[in-house]
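Colleague: This is work21.cif, which holds mmCIF, C-alpha atoms:
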```cif
data_structure
loop_
_atom_site.label_atom_id
_atom_site.label_comp_id
_atom_site.auth_asym_id
_atom_site.auth_seq_id
_atom_site.Cartn_x
_atom_site.Cartn_y
_atom_site.Cartn_z
CA MET A 23 72.84 92.57 140.01
CA THR A 24 75.91 92.73 137.75
CA SER A 25 79.23 91.93 139.35
CA ALA A 26 82.53 93.44 138.32
CA ALA A 27 83.62 90.07 137.05
CA ASP A 28 80.68 89.95 134.64
CA THR A 29 81.42 93.30 133.01
CA PRO A 30 84.43 92.36 130.86
CA SER A 31 82.65 89.36 129.34
CA ARG A 32 79.73 91.57 128.36
CA LEU A 33 82.07 94.10 126.79
CA ARG A 34 84.04 91.51 124.86
CA GLY A 35 83.09 90.76 121.29
CA PRO A 36 82.14 87.32 120.00
CA ALA A 37 84.61 84.49 120.56
CA TRP A 38 85.72 84.43 116.92
CA ALA A 39 86.65 88.15 116.92
CA GLY A 40 90.13 87.82 118.42
CA ARG A 41 92.99 90.31 118.36
CA ASN A 42 94.32 89.40 114.91
CA TYR A 43 90.87 89.26 113.36
CA SER A 44 89.99 92.68 114.77
CA LEU A 45 93.26 94.27 113.58
CA LEU A 46 92.91 92.73 110.13
CA THR A 47 89.34 93.96 109.84
CA ALA A 48 90.21 97.50 110.91
CA ALA A 49 93.19 97.67 108.55
CA ALA A 50 91.16 96.31 105.62
CA PHE A 51 88.47 98.93 106.29
CA ILE A 52 91.05 101.72 106.13
CA THR A 53 92.82 100.54 102.97
CA ASN A 54 89.58 99.81 101.15
CA LEU A 55 88.29 103.27 102.03
CA GLY A 56 91.28 104.86 100.34
CA SER A 57 91.71 102.44 97.46
CA GLN A 58 88.17 102.71 96.11
CA GLY A 59 88.53 106.44 95.67
CA ALA A 60 92.01 106.00 94.22
CA LEU A 61 90.69 103.75 91.44
CA ILE A 62 88.42 106.56 90.29
CA ALA A 63 91.15 109.16 90.77
CA ALA A 64 93.68 107.24 88.65
CA ALA A 65 91.26 106.95 85.73
CA PHE A 66 90.35 110.63 85.78
CA ALA A 67 93.99 111.68 86.29
CA VAL A 68 94.71 110.08 82.93
CA LEU A 69 91.66 111.64 81.27
CA GLU A 70 92.48 115.11 82.63
CA THR A 71 95.90 115.00 80.96
CA GLY A 72 94.21 114.44 77.59
CA GLY A 73 94.37 110.66 77.62
CA ASP A 74 91.72 108.47 76.04
CA GLY A 75 90.24 105.09 76.84
CA GLY A 76 93.33 103.30 75.57
CA ASP A 77 95.55 105.30 77.95
CA VAL A 78 93.26 104.53 80.90
CA GLY A 79 93.50 100.87 79.98
CA LEU A 80 97.30 101.01 79.80
CA VAL A 81 97.57 102.49 83.29
CA ALA A 82 95.17 99.88 84.66
CA ALA A 83 97.13 97.13 82.91
CA ALA A 84 100.39 98.48 84.31
CA ARG A 85 99.08 97.89 87.81
CA THR A 86 97.81 94.39 87.12
CA LEU A 87 100.74 93.05 85.09
CA PRO A 88 103.26 92.95 87.99
CA LEU A 89 100.48 91.59 90.17
CA VAL A 90 100.27 88.63 87.79
CA LEU A 91 104.04 88.25 87.49
CA PHE A 92 104.84 88.25 91.21
CA LEU A 93 101.75 86.65 92.78
CA LEU A 94 103.09 83.10 92.89
CA ILE A 95 106.37 84.26 94.39
CA GLY A 96 104.38 86.33 96.88
CA GLY A 97 102.39 83.28 97.93
CA ALA A 98 105.50 81.18 98.48
CA VAL A 99 107.16 84.00 100.44
CA ALA A 100 104.06 84.44 102.64
CA ASP A 101 104.02 80.71 103.52
CA ARG A 102 107.74 80.87 104.38
CA LEU A 103 108.16 84.22 106.16
CA PRO A 104 105.95 85.74 108.89
CA ARG A 105 102.87 86.86 106.99
CA HIS A 106 102.39 90.07 108.97
CA ARG A 107 105.87 91.29 107.99
CA VAL A 108 105.16 90.64 104.33
CA MET A 109 101.91 92.60 104.66
CA VAL A 110 103.57 95.60 106.35
CA ALA A 111 106.37 95.76 103.76
CA ALA A 112 103.82 95.62 100.93
CA ASN A 113 101.77 98.40 102.54
CA ALA A 114 104.90 100.55 102.76
CA LEU A 115 105.56 100.11 99.03
CA ASN A 116 101.93 100.95 98.20
CA CYS A 117 102.11 104.04 100.40
CA LEU A 118 105.26 105.34 98.70
CA SER A 119 104.04 104.66 95.17
CA GLN A 120 100.67 106.35 95.74
CA ALA A 121 102.33 109.33 97.44
CA ALA A 122 104.62 109.79 94.43
CA PHE A 123 101.65 109.45 92.04
CA ALA A 124 99.77 112.10 94.03
CA ALA A 125 102.76 114.44 93.98
CA LEU A 126 103.07 114.15 90.20
CA VAL A 127 99.39 114.87 89.64
CA LEU A 128 99.36 117.82 92.05
CA ALA A 129 102.57 119.29 90.61
CA GLY A 130 101.36 119.45 87.03
CA GLU A 131 100.74 117.18 84.09
CA PRO A 132 102.18 113.73 84.72
CA ARG A 133 103.35 111.72 81.75
CA LEU A 134 101.74 108.45 80.84
CA TRP A 135 104.91 106.40 81.44
CA GLN A 136 105.27 107.90 84.91
CA MET A 137 101.73 106.96 85.87
CA MET A 138 102.24 103.47 84.50
CA LEU A 139 105.50 103.02 86.44
CA LEU A 140 104.00 104.11 89.77
CA THR A 141 100.89 101.99 89.36
CA ALA A 142 103.18 99.06 88.49
CA LEU A 143 104.98 99.53 91.81
CA GLY A 144 101.61 99.47 93.56
CA GLY A 145 100.71 96.26 91.76
CA SER A 146 103.99 94.69 92.84
CA GLY A 147 103.18 95.46 96.47
CA GLN A 148 99.72 93.97 96.04
CA ALA A 149 101.23 90.76 94.64
CA PHE A 150 103.02 90.10 97.92
CA PHE A 151 100.27 91.50 100.12
CA SER A 152 97.23 89.59 98.85
CA PRO A 153 98.36 85.98 99.49
CA ALA A 154 99.79 86.91 102.90
CA ALA A 155 96.63 88.80 103.90
CA GLU A 156 94.26 86.04 102.85
CA GLY A 157 96.34 83.40 104.58
CA MET A 158 96.50 85.50 107.75
CA LEU A 159 92.75 86.14 107.75
CA LEU A 160 91.77 82.52 107.09
CA SER A 161 94.01 81.34 109.93
CA SER A 162 92.69 83.98 112.36
CA VAL A 163 89.30 82.29 112.90
CA GLN A 164 88.32 78.78 113.89
CA GLY A 165 85.25 76.62 114.27
CA GLU A 166 81.67 76.72 113.07
CA GLN A 167 81.43 80.52 113.15
CA ALA A 168 84.08 80.98 110.46
CA GLY A 169 81.47 81.81 107.82
CA ARG A 170 79.96 84.50 110.02
CA ALA A 171 83.42 85.91 110.78
CA PHE A 172 84.23 86.17 107.07
CA ALA A 173 80.85 87.79 106.41
CA VAL A 174 81.47 90.44 109.09
CA PHE A 175 84.98 91.05 107.73
CA ARG A 176 83.65 91.52 104.23
CA MET A 177 80.83 93.70 105.51
CA ALA A 178 83.40 96.04 107.07
CA MET A 179 85.57 95.95 103.96
CA GLN A 180 82.67 96.58 101.61
CA GLY A 181 81.28 99.26 103.89
CA ALA A 182 84.56 101.06 103.31
CA ALA A 183 84.10 100.54 99.57
CA LEU A 184 80.69 102.17 99.86
CA GLY A 185 82.10 105.27 101.51
CA GLY A 186 85.33 105.29 99.55
CA ALA A 187 83.74 105.13 96.11
CA ALA A 188 81.12 107.78 96.82
CA LEU A 189 83.55 110.04 98.66
CA GLY A 190 86.30 109.45 96.12
CA GLY A 191 84.08 110.35 93.18
CA ALA A 192 82.91 113.50 94.93
CA MET A 193 86.47 114.50 95.90
CA VAL A 194 87.74 113.98 92.35
CA ALA A 195 84.99 116.30 91.13
CA VAL A 196 85.67 118.95 93.80
CA VAL A 197 89.41 118.93 94.58
CA GLY A 198 90.83 116.81 91.77
CA PRO A 199 92.39 113.34 91.61
CA GLY A 200 95.73 114.28 93.18
CA TRP A 201 94.35 114.77 96.68
CA VAL A 202 92.41 111.52 96.49
CA LEU A 203 95.63 109.67 95.65
CA ALA A 204 97.36 111.39 98.59
CA ALA A 205 94.60 110.24 100.92
CA ASP A 206 95.08 106.69 99.67
CA ALA A 207 98.79 106.87 100.50
CA ALA A 208 97.94 107.97 104.05
CA ALA A 209 95.46 105.09 104.36
CA PHE A 210 98.17 102.58 103.45
CA ALA A 211 100.49 104.08 106.07
CA LEU A 212 97.86 103.82 108.82
CA ALA A 213 96.80 100.29 107.85
CA GLY A 214 100.40 99.10 107.76
CA SER A 215 100.91 100.45 111.27
CA LEU A 216 97.94 98.42 112.52
CA ARG A 217 99.15 95.25 110.82
CA ALA A 218 102.52 95.60 112.54
CA PHE A 219 100.75 94.73 115.82
CA LEU A 220 99.43 91.35 114.63
CA ASP A 221 100.20 88.57 117.10
CA VAL A 222 101.83 85.56 115.41
CA ARG A 223 102.95 83.66 118.50
CA ASP A 224 100.23 81.04 118.04
CA VAL A 225 100.86 80.54 114.32
CA PRO A 226 102.39 77.08 113.79
CA ALA A 227 106.08 77.18 112.96
CA ARG A 228 106.84 76.36 109.34
CA GLY A 229 109.56 73.99 108.33
CA PRO A 230 112.48 75.11 106.18
CA GLY A 231 110.97 73.49 103.08
CA GLY A 232 112.85 72.59 99.92
CA GLY A 233 113.25 76.02 98.39
CA MET A 234 111.07 78.40 96.42
CA LEU A 235 110.45 76.08 93.47
CA ALA A 236 109.56 73.17 95.74
CA ASP A 237 107.12 75.41 97.62
CA LEU A 238 105.51 76.48 94.36
CA ARG A 239 105.20 72.88 93.16
CA GLU A 240 103.60 71.85 96.44
CA GLY A 241 101.12 74.69 96.18
CA TRP A 242 100.38 73.75 92.56
CA HIS A 243 99.57 70.15 93.49
CA GLU A 244 97.32 71.41 96.29
CA PHE A 245 95.55 73.65 93.78
CA ILE A 246 95.24 71.44 90.72
CA GLY A 247 93.97 68.44 92.66
CA ARG A 248 90.67 70.12 93.45
CA PRO A 249 88.32 70.51 90.46
CA TRP A 250 86.03 72.98 92.26
CA LEU A 251 89.03 75.19 93.05
CA TRP A 252 90.65 75.41 89.64
CA GLY A 253 87.27 75.40 87.90
CA ILE A 254 86.08 78.52 89.69
CA VAL A 255 89.47 80.20 89.32
CA LEU A 256 89.28 79.64 85.55
CA GLN A 257 85.76 81.07 85.56
CA PHE A 258 86.88 84.22 87.32
CA SER A 259 90.01 84.48 85.21
CA VAL A 260 87.75 85.30 82.26
CA ALA A 261 84.95 87.06 84.17
CA ASN A 262 87.32 89.34 86.10
CA ALA A 263 89.10 90.28 82.89
CA VAL A 264 85.99 91.61 81.18
CA ILE A 265 84.62 93.15 84.38
CA GLY A 266 87.99 94.82 84.94
CA ALA A 267 87.81 96.35 81.49
CA VAL A 268 84.31 97.64 82.21
CA ASP A 269 85.25 99.14 85.59
CA ALA A 270 88.59 100.63 84.57
CA VAL A 271 87.85 101.82 81.04
CA TYR A 272 84.26 101.69 79.79
CA GLY A 273 82.58 102.78 83.02
CA PRO A 274 84.48 106.08 83.34
CA LEU A 275 84.00 106.76 79.62
CA VAL A 276 80.23 106.17 79.77
CA ALA A 277 80.11 108.32 82.90
CA ARG A 278 81.94 111.15 81.16
CA ASP A 279 79.79 111.02 78.00
CA HIS A 280 76.33 110.16 79.37
CA LEU A 281 76.11 110.28 83.18
CA GLY A 282 77.71 113.60 84.07
CA GLY A 283 81.28 112.72 84.99
CA PRO A 284 83.08 111.22 88.01
CA GLY A 285 80.43 112.15 90.59
CA PRO A 286 77.63 109.94 89.20
CA TRP A 287 80.08 107.12 88.46
CA GLY A 288 81.32 107.29 92.04
CA LEU A 289 77.69 107.21 93.21
CA ALA A 290 77.04 104.07 91.15
CA LEU A 291 80.12 102.40 92.62
CA GLY A 292 78.90 103.50 96.03
CA PHE A 293 75.61 101.68 95.46
CA PHE A 294 77.61 98.62 94.51
CA GLY A 295 79.40 98.98 97.84
CA ALA A 296 76.05 99.29 99.62
CA GLY A 297 74.94 96.08 97.93
CA THR A 298 78.05 94.25 99.10
CA VAL A 299 77.43 95.42 102.67
CA ALA A 300 73.85 94.16 102.46
CA GLY A 301 75.03 90.88 100.95
CA ALA A 302 77.62 90.39 103.68
CA PHE A 303 74.98 91.10 106.33
CA LEU A 304 72.75 88.50 104.67
CA MET A 305 75.57 85.97 104.92
CA THR A 306 75.95 86.54 108.67
CA ARG A 307 72.53 84.89 108.97
CA TRP A 308 72.28 82.60 105.94
CA LYS A 309 74.45 79.50 105.75
CA PRO A 310 73.77 77.76 102.43
CA ARG A 311 74.50 74.04 102.69
CA ARG A 312 75.90 73.80 99.18
CA LEU A 313 78.43 76.58 99.47
CA LEU A 314 79.70 76.82 95.93
CA LEU A 315 76.43 76.10 94.16
CA ALA A 316 74.74 79.00 95.94
CA GLY A 317 77.76 81.22 95.35
CA THR A 318 78.13 80.42 91.66
CA LEU A 319 74.46 80.98 90.90
CA CYS A 320 74.92 84.45 92.36
CA VAL A 321 77.70 85.25 89.87
CA PHE A 322 75.28 85.50 86.91
CA PRO A 323 74.13 89.04 87.91
CA LEU A 324 77.70 90.30 87.39
CA ALA A 325 76.72 90.58 83.73
CA LEU A 326 74.09 93.23 84.51
CA PRO A 327 76.32 96.33 84.95
CA SER A 328 77.92 95.80 81.52
CA ALA A 329 74.47 95.49 79.96
CA ALA A 330 73.24 98.59 81.80
CA LEU A 331 76.21 100.64 80.59
CA ALA A 332 75.69 99.37 77.04
CA VAL A 333 72.16 100.81 76.84
CA PRO A 334 73.08 103.18 78.67
CA VAL A 335 70.45 103.37 81.41
CA PRO A 336 69.81 106.45 83.58
CA ILE A 337 71.94 106.81 86.69
CA GLY A 338 69.09 105.72 88.98
CA VAL A 339 68.67 102.42 87.15
CA LEU A 340 72.42 101.88 87.04
CA CYS A 341 72.61 102.40 90.81
CA ALA A 342 69.88 99.78 91.35
CA VAL A 343 71.70 97.31 89.11
CA MET A 344 74.98 97.93 90.93
CA PHE A 345 73.28 97.37 94.30
CA LEU A 346 71.84 94.02 93.22
CA THR A 347 75.19 92.96 91.82
CA GLY A 348 76.90 93.81 95.08
CA VAL A 349 74.45 91.72 97.11
CA THR A 350 74.88 88.63 94.96
CA LEU A 351 78.66 88.97 94.70
CA GLU A 352 78.99 88.85 98.47
CA VAL A 353 77.05 85.60 98.63
CA PHE A 354 79.76 84.15 96.43
CA GLY A 355 82.60 85.88 98.28
CA VAL A 356 81.67 84.61 101.74
CA SER A 357 80.90 81.13 100.42
CA TRP A 358 84.28 81.02 98.68
CA MET A 359 86.23 82.08 101.77
CA THR A 360 84.35 79.56 103.89
CA ALA A 361 85.17 76.78 101.43
CA LEU A 362 88.88 77.69 101.43
CA HIS A 363 88.95 77.85 105.23
CA GLN A 364 87.20 74.50 105.49
CA GLU A 365 89.31 72.66 102.92
CA ILE A 366 92.86 74.07 102.66
CA PRO A 367 95.64 73.20 105.16
CA GLU A 368 96.87 76.23 107.12
CA ASP A 369 100.50 75.95 106.00
CA LYS A 370 99.46 76.09 102.33
CA LEU A 371 96.86 78.85 102.54
CA SER A 372 99.00 81.62 101.05
CA ARG A 373 100.28 79.48 98.18
CA VAL A 374 96.80 78.29 97.27
CA SER A 375 95.59 81.86 97.61
CA ALA A 376 98.38 82.97 95.27
CA TYR A 377 97.29 80.50 92.58
CA ASP A 378 93.72 81.67 93.15
CA TRP A 379 94.71 85.31 92.76
CA PHE A 380 97.02 84.54 89.83
CA GLY A 381 94.28 82.81 87.87
CA SER A 382 91.73 85.45 88.80
CA VAL A 383 93.82 88.41 87.56
CA ALA A 384 95.99 86.85 84.86
CA LEU A 385 93.90 88.13 81.95
CA ILE A 386 93.03 91.55 83.38
CA PRO A 387 96.11 93.36 81.95
CA LEU A 388 95.31 92.01 78.49
CA ALA A 389 91.62 92.88 78.76
CA THR A 390 92.19 96.41 80.02
CA ALA A 391 94.90 97.06 77.43
CA LEU A 392 92.61 95.81 74.63
CA ALA A 393 89.53 97.65 75.87
CA GLY A 394 90.39 100.80 73.93
CA PRO A 395 91.21 99.02 70.65
CA ALA A 396 88.06 96.89 71.04
CA GLU A 397 85.99 100.04 71.38
CA THR A 398 87.57 101.38 68.20
CA ALA A 399 87.01 98.14 66.29
CA PHE A 400 83.53 97.14 67.47
CA GLY A 401 82.11 100.19 69.19
CA ARG A 402 81.59 100.77 72.88
CA THR A 403 78.07 99.37 72.96
CA ALA A 404 78.98 96.09 71.25
CA SER A 405 82.03 95.70 73.50
CA LEU A 406 79.92 96.11 76.63
CA TRP A 407 77.31 93.60 75.43
CA GLY A 408 80.13 91.20 74.66
CA CYS A 409 81.42 91.52 78.23
CA ALA A 410 77.96 90.67 79.60
CA VAL A 411 77.63 87.58 77.41
CA VAL A 412 81.09 86.30 78.39
CA VAL A 413 80.24 86.48 82.12
CA VAL A 414 77.07 84.44 81.59
CA LEU A 415 78.81 81.79 79.48
CA VAL A 416 81.75 81.12 81.81
CA THR A 417 79.48 81.01 84.86
CA ALA A 418 77.19 78.48 83.19
CA ALA A 419 80.24 76.41 82.21
CA VAL A 420 81.61 76.10 85.75
CA LEU A 421 78.29 74.66 86.95
CA CYS A 422 79.16 71.58 84.87
CA VAL A 423 81.86 70.71 87.43
CA PRO A 424 80.25 68.22 89.88
CA ASP A 425 82.29 69.44 92.86
CA VAL A 426 81.01 72.98 92.37
CA ARG A 427 77.46 71.70 92.67
CA ASN A 428 78.09 69.23 95.49
CA LEU A 429 80.65 70.61 97.96
CA THR A 430 78.78 71.07 101.23
CA ARG A 431 79.26 73.01 104.43
CA ARG A 432 80.20 70.90 107.42
CA THR A 433 77.76 71.45 110.26
CA LYS A 434 80.39 70.51 112.82
CA GLN A 435 83.32 71.96 111.01
CA VAL A 436 86.57 70.04 111.03
CA THR A 437 88.90 72.33 109.13
CA ALA A 438 92.32 71.80 107.70
CA HIS A 439 93.52 74.17 110.43
CA THR A 440 92.35 72.00 113.33
CA PRO A 441 92.83 68.33 112.45
CA PRO A 442 90.85 65.81 114.47
CA PRO A 443 92.73 63.43 116.77
CA ALA A 444 93.56 60.23 114.93
CA ALA A 445 92.69 56.81 116.29
CA PRO A 446 95.71 54.92 117.67
CA ASP A 447 95.88 52.56 114.70
CA GLU A 448 95.63 55.44 112.20
CA VAL A 449 98.50 57.63 113.35
CA GLY A 450 100.86 58.28 110.48
CA ASP A 451 98.74 56.43 107.92
CA GLU A 452 96.53 59.25 106.62
CA ASP A 453 96.80 62.84 105.52
CA PRO A 454 97.91 64.75 108.64
CA THR A 455 95.63 67.62 107.79
CA GLY A 456 92.60 65.54 108.68
CA VAL A 457 90.86 66.39 105.42
CA ASN A 458 89.38 63.60 103.35
CA THR A 459 90.30 65.20 100.05
CA ARG A 460 88.82 62.50 97.85
CA ALA A 461 85.45 62.60 99.60
CA THR A 462 85.19 66.35 99.13
CA GLY A 463 86.25 66.21 95.49
CA ARG A 464 89.65 67.72 96.15
CA GLY A 465 91.90 64.70 95.88
#
```
Starting from the file, lay out its structure as structure tokens.
Modeller:
Amino acid sequence: MTSAADTPSRLRGPAWAGRNYSLLTAAAFITNLGSQGALIAAAFAVLETGGDGGDVGLVAAARTLPLVLFLLIGGAVADRLPRHRVMVAANALNCLSQAAFAALVLAGEPRLWQMMLLTALGGSGQAFFSPAAEGMLLSSVQGEQAGRAFAVFRMAMQGAALGGAALGGAMVAVVGPGWVLAADAAAFALAGSLRAFLDVRDVPARGPGGGMLADLREGWHEFIGRPWLWGIVLQFSVANAVIGAVDAVYGPLVARDHLGGPGPWGLALGFFGAGTVAGAFLMTRWKPRRLLLAGTLCVFPLALPSAALAVPVPIGVLCAVMFLTGVTLEVFGVSWMTALHQEIPEDKLSRVSAYDWFGSVALIPLATALAGPAETAFGRTASLWGCAVVVVLVTAAVLCVPDVRNLTRRTKQVTAHTPPPAAPDEVGDEDPTGVNTRATGRG
């Protein structure tokens, strides 16, 4: 017989799914649902005004350039101010910029400089949001189930990508890009409202620090002292640049010329989203011992979509390729988040995340801006094959870093967030985070 006292415990979720984790997951689902469609809408808004591949690349670069410029400042701010307030303010800026972009598209023919300016404002908001959000998420879970928590979070986020990409592509085809951008603005407003309810009472108080530059230097030393960290960030600095050019420029162009327009391209992105959901589900059950080795090996398939578009393959084959890529990318994504959670001190999470993001996106504006000229100089097919080869080469190179091959999951996880009690004769003598940085290759 079930007593009344037993009922709440049966209705509660798992122990790691606390209030902040649940709010962060719900808000990420909402914003990802809107943003995936908005990426397609922005590209086709440019094309519908008579723009070409170079113009699409300029708008994409306009979003990423301020992201690169302000990321490090955003990380330092997020480790100094309450992270949830930084996130809400950034969501408000994204909401306003997307609403203005939607209004311009719906009102008539927007000019290229206007679209670039509004996407730049959105990129500025993302620069402050991303380090704060990652730091808040990583500090919202504890213990051995952290990997599963991150997998569930990413499964929800990528599930939204699945629906958002497919729905966004269909909506662009039916009602036009303006309404898709308006829906994205509404998604930012709703997600920001949820993030305003995050509970930060249990977040450790941060000291006053030595100023912005001192905070940035401290974050830099935390970042550069770990070969596995900066090695993988360098890898993705190059890989993300070429993949960004494919997604933002070449993909929509191939879709327009060979696949039938935004609908099929949205479907292909939807299959990628389905693959990421499947990959995240896989990672709720699989816990690879060598976190980064397993994750890095699963980066090689990121070269496949570029190769498929270079052929180009029929839409059915492209969808299968995108699904496989999504599965393998999530193995890396969950492994990466678990490694950061396991190794990085809580008070430095946002700054380390900022250096991670900075390195990962630094070359995207250049790559997207040069995608059009590269197509003119070498041809679209050669450019796409070049992107595929670059992904393979940089991924093979990072496997030469011993720490990437050897960093292991701790079975009884002692994270930088929950330092172990020191023995009486050790108090004050060792790193107060409780992390043996030299033993893990992060000294």
Colleague: Could you write out as a list in words the residues that the PyMOL selection byres ((chain A and resi 307) around 12) matches in the shown file?
Modeller: Gln167, Gly169, Arg170, Ala171, Phe172, Ala173, Val174, Ala300, Gly301, Ala302, Phe303, Leu304, Met305, Thr306, Trp308, Lys309, Pro310, Val353 and Val356 of chain A
Colleague: Just so the selection is clear, what residues does the PyMOL selection byres ((chain A and resi 58) around 8) cover here, as a compact mmCIF listing (two decimals) with C-alpha atoms, in the frame of the given file?
Modeller:
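Output (selection28.txt):
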```txt
# COMPACT_ATOMS: atom_id res chain seq x y z
CA ASN A 54 89.58 99.81 101.15
CA LEU A 55 88.29 103.27 102.03
CA GLY A 56 91.28 104.86 100.34
CA SER A 57 91.71 102.44 97.46
CA GLY A 59 88.53 106.44 95.67
CA ALA A 60 92.01 106.00 94.22
CA LEU A 61 90.69 103.75 91.44
CA ILE A 62 88.42 106.56 90.29
CA ALA A 183 84.10 100.54 99.57
CA GLY A 186 85.33 105.29 99.55
CA ALA A 187 83.74 105.13 96.11
CA GLY A 190 86.30 109.45 96.12
```
Colleague: Between A:Phe175, A:Phe123, A:Trp358, A:Phe345, which residue has the minimum interatomic distance to A:Leu291, considering only C-alpha atoms?
Modeller: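 When distances to A:Leu291 are compared using only C-alpha atoms, the smallest one comes from A:Phe345.
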Colleague: Take the PyMOL selection byres ((chain A and resi 146) around 8), apply it to the structure above, and return the hits as a count of residues only.
Modeller: 12
Colleague: Using only C-alpha atoms, which of A:Leu314, A:Ala111, A:Leu275, A:Ile366 sits nearest A:Pro424?
Modeller: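 Nearest to A:Pro424: A:Leu314.
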Colleague: For the atom pair atom CA of A:Glu244 and atom CA of A:Val414, what is the interatomic distance in Å to one decimal place?
Modeller: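 Separation between atom CA of A:Glu244 and atom CA of A:Val414: 28.2 Å.
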Colleague: How many Å separate atom CA of A:Leu212 from atom CA of A:Gly191?
Modeller: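 Value for the atom CA of A:Leu212-atom CA of A:Gly191 distance: 21.8 Å.
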Colleague: Skip A:Ile265 itself and residues of its chain fewer than 3 positions away, then list as an MDAnalysis selection string all residues within 10 Å of it, counting all atoms listed in the file.
Modeller: chainID A and resid 258 260:262 268:273 324:325 327:328 386 389:390 406 409:410 412:413
Colleague: Find the residues near A:Leu346: any atom within 7 Å, counting only C-alpha atoms, skip ones fewer than 4 places away on the same chain, and give them as a compact mmCIF listing (two decimals) with C-alpha atoms, in the frame of the given file.
Modeller:
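out13.txt written:
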```txt
# COMPACT_ATOMS: atom_id res chain seq x y z
CA GLY A 297 74.94 96.08 97.93
CA ALA A 342 69.88 99.78 91.35
CA THR A 350 74.88 88.63 94.96
```
Colleague: Check the smallest atom-to-atom distance from each of A:Leu80, A:Leu139, A:Ala218, A:Ala168 to A:Ala393 using only C-alpha atoms, then report the winner.
Modeller: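 Answer, going by the shortest atom-to-atom distance: A:Leu80.
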Colleague: List as a PyMOL selection string the residues having at least one atom at most 12 Å from position (101.7, 101.4, 109.0) as given in the file, counting only C-alpha atoms.
Modeller: chain A and resi 45+49+52-53+106-107+109-118+207-220
Colleague: Can I get the selection written as a PDB file, keeping the file's coordinate frame, with C-alpha atoms?
Modeller:
```pdb
ATOM      1  CA  LEU A  45      93.260  94.270 113.580  1.00  0.00           C
ATOM      2  CA  ALA A  49      93.190  97.670 108.550  1.00  0.00           C
ATOM      3  CA  ILE A  52      91.050 101.720 106.130  1.00  0.00           C
ATOM      4  CA  THR A  53      92.820 100.540 102.970  1.00  0.00           C
ATOM      5  CA  HIS A 106     102.390  90.070 108.970  1.00  0.00           C
ATOM      6  CA  ARG A 107     105.870  91.290 107.990  1.00  0.00           C
ATOM      7  CA  MET A 109     101.910  92.600 104.660  1.00  0.00           C
ATOM      8  CA  VAL A 110     103.570  95.600 106.350  1.00  0.00           C
ATOM      9  CA  ALA A 111     106.370  95.760 103.760  1.00  0.00           C
ATOM     10  CA  ALA A 112     103.820  95.620 100.930  1.00  0.00           C
ATOM     11  CA  ASN A 113     101.770  98.400 102.540  1.00  0.00           C
ATOM     12  CA  ALA A 114     104.900 100.550 102.760  1.00  0.00           C
ATOM     13  CA  LEU A 115     105.560 100.110  99.030  1.00  0.00           C
ATOM     14  CA  ASN A 116     101.930 100.950  98.200  1.00  0.00           C
ATOM     15  CA  CYS A 117     102.110 104.040 100.400  1.00  0.00           C
ATOM     16  CA  LEU A 118     105.260 105.340  98.700  1.00  0.00           C
ATOM     17  CA  ALA A 207      98.790 106.870 100.500  1.00  0.00           C
ATOM     18  CA  ALA A 208      97.940 107.970 104.050  1.00  0.00           C
ATOM     19  CA  ALA A 209      95.460 105.090 104.360  1.00  0.00           C
ATOM     20  CA  PHE A 210      98.170 102.580 103.450  1.00  0.00           C
ATOM     21  CA  ALA A 211     100.490 104.080 106.070  1.00  0.00           C
ATOM     22  CA  LEU A 212      97.860 103.820 108.820  1.00  0.00           C
ATOM     23  CA  ALA A 213      96.800 100.290 107.850  1.00  0.00           C
ATOM     24  CA  GLY A 214     100.400  99.100 107.760  1.00  0.00           C
ATOM     25  CA  SER A 215     100.910 100.450 111.270  1.00  0.00           C
ATOM     26  CA  LEU A 216      97.940  98.420 112.520  1.00  0.00           C
ATOM     27  CA  ARG A 217      99.150  95.250 110.820  1.00  0.00           C
ATOM     28  CA  ALA A 218     102.520  95.600 112.540  1.00  0.00           C
ATOM     29  CA  PHE A 219     100.750  94.730 115.820  1.00  0.00           C
ATOM     30  CA  LEU A 220      99.430  91.350 114.630  1.00  0.00           C
TER      31      LEU A 220
END
```
Colleague: Name the closest residue to A:Ala182 among the candidates A:Ala50, A:Ala330, A:Leu421, A:Val68; distances are taken between atoms, counting all atoms listed in the file.
Modeller: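 Ranked by minimum distance to A:Ala182, first place goes to A:Ala50.
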Colleague: Considering only C-alpha atoms, can you say which of A:Met158, A:Ala98, A:Ala84, A:Ala63 comes closest to A:Leu189?
Modeller: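 Selected residue with least distance to A:Leu189: A:Ala63.
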Colleague: One decimal, in Å: what's the spacing between atom CA of A:Ser405 and atom CA of A:Val81?
Modeller: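 Separation of atom CA of A:Ser405 and atom CA of A:Val81: 19.6 Å.
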Colleague: Find the residue from A:Leu340, A:Leu87, A:Ala67, A:Leu235 that sits nearest to A:Phe294; use all atoms listed in the file when measuring.
Modeller: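 Looking only at the distances to A:Phe294, the closest residue turns out to be A:Leu340.
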Colleague: Quick one: residues within 10 Å of A:Gly283, all atoms listed in the file counted, chain neighbours fewer than 6 positions away excluded, as a PDB file with C-alpha atoms, in the coordinates of the input?
Modeller:
```pdb
ATOM      1  CA  PHE A  66      90.350 110.630  85.780  1.00  0.00           C
ATOM      2  CA  GLY A 191      84.080 110.350  93.180  1.00  0.00           C
ATOM      3  CA  VAL A 194      87.740 113.980  92.350  1.00  0.00           C
ATOM      4  CA  ALA A 195      84.990 116.300  91.130  1.00  0.00           C
ATOM      5  CA  PRO A 274      84.480 106.080  83.340  1.00  0.00           C
ATOM      6  CA  LEU A 275      84.000 106.760  79.620  1.00  0.00           C
ATOM      7  CA  VAL A 276      80.230 106.170  79.770  1.00  0.00           C
ATOM      8  CA  ALA A 277      80.110 108.320  82.900  1.00  0.00           C
TER       9      ALA A 277
END
```
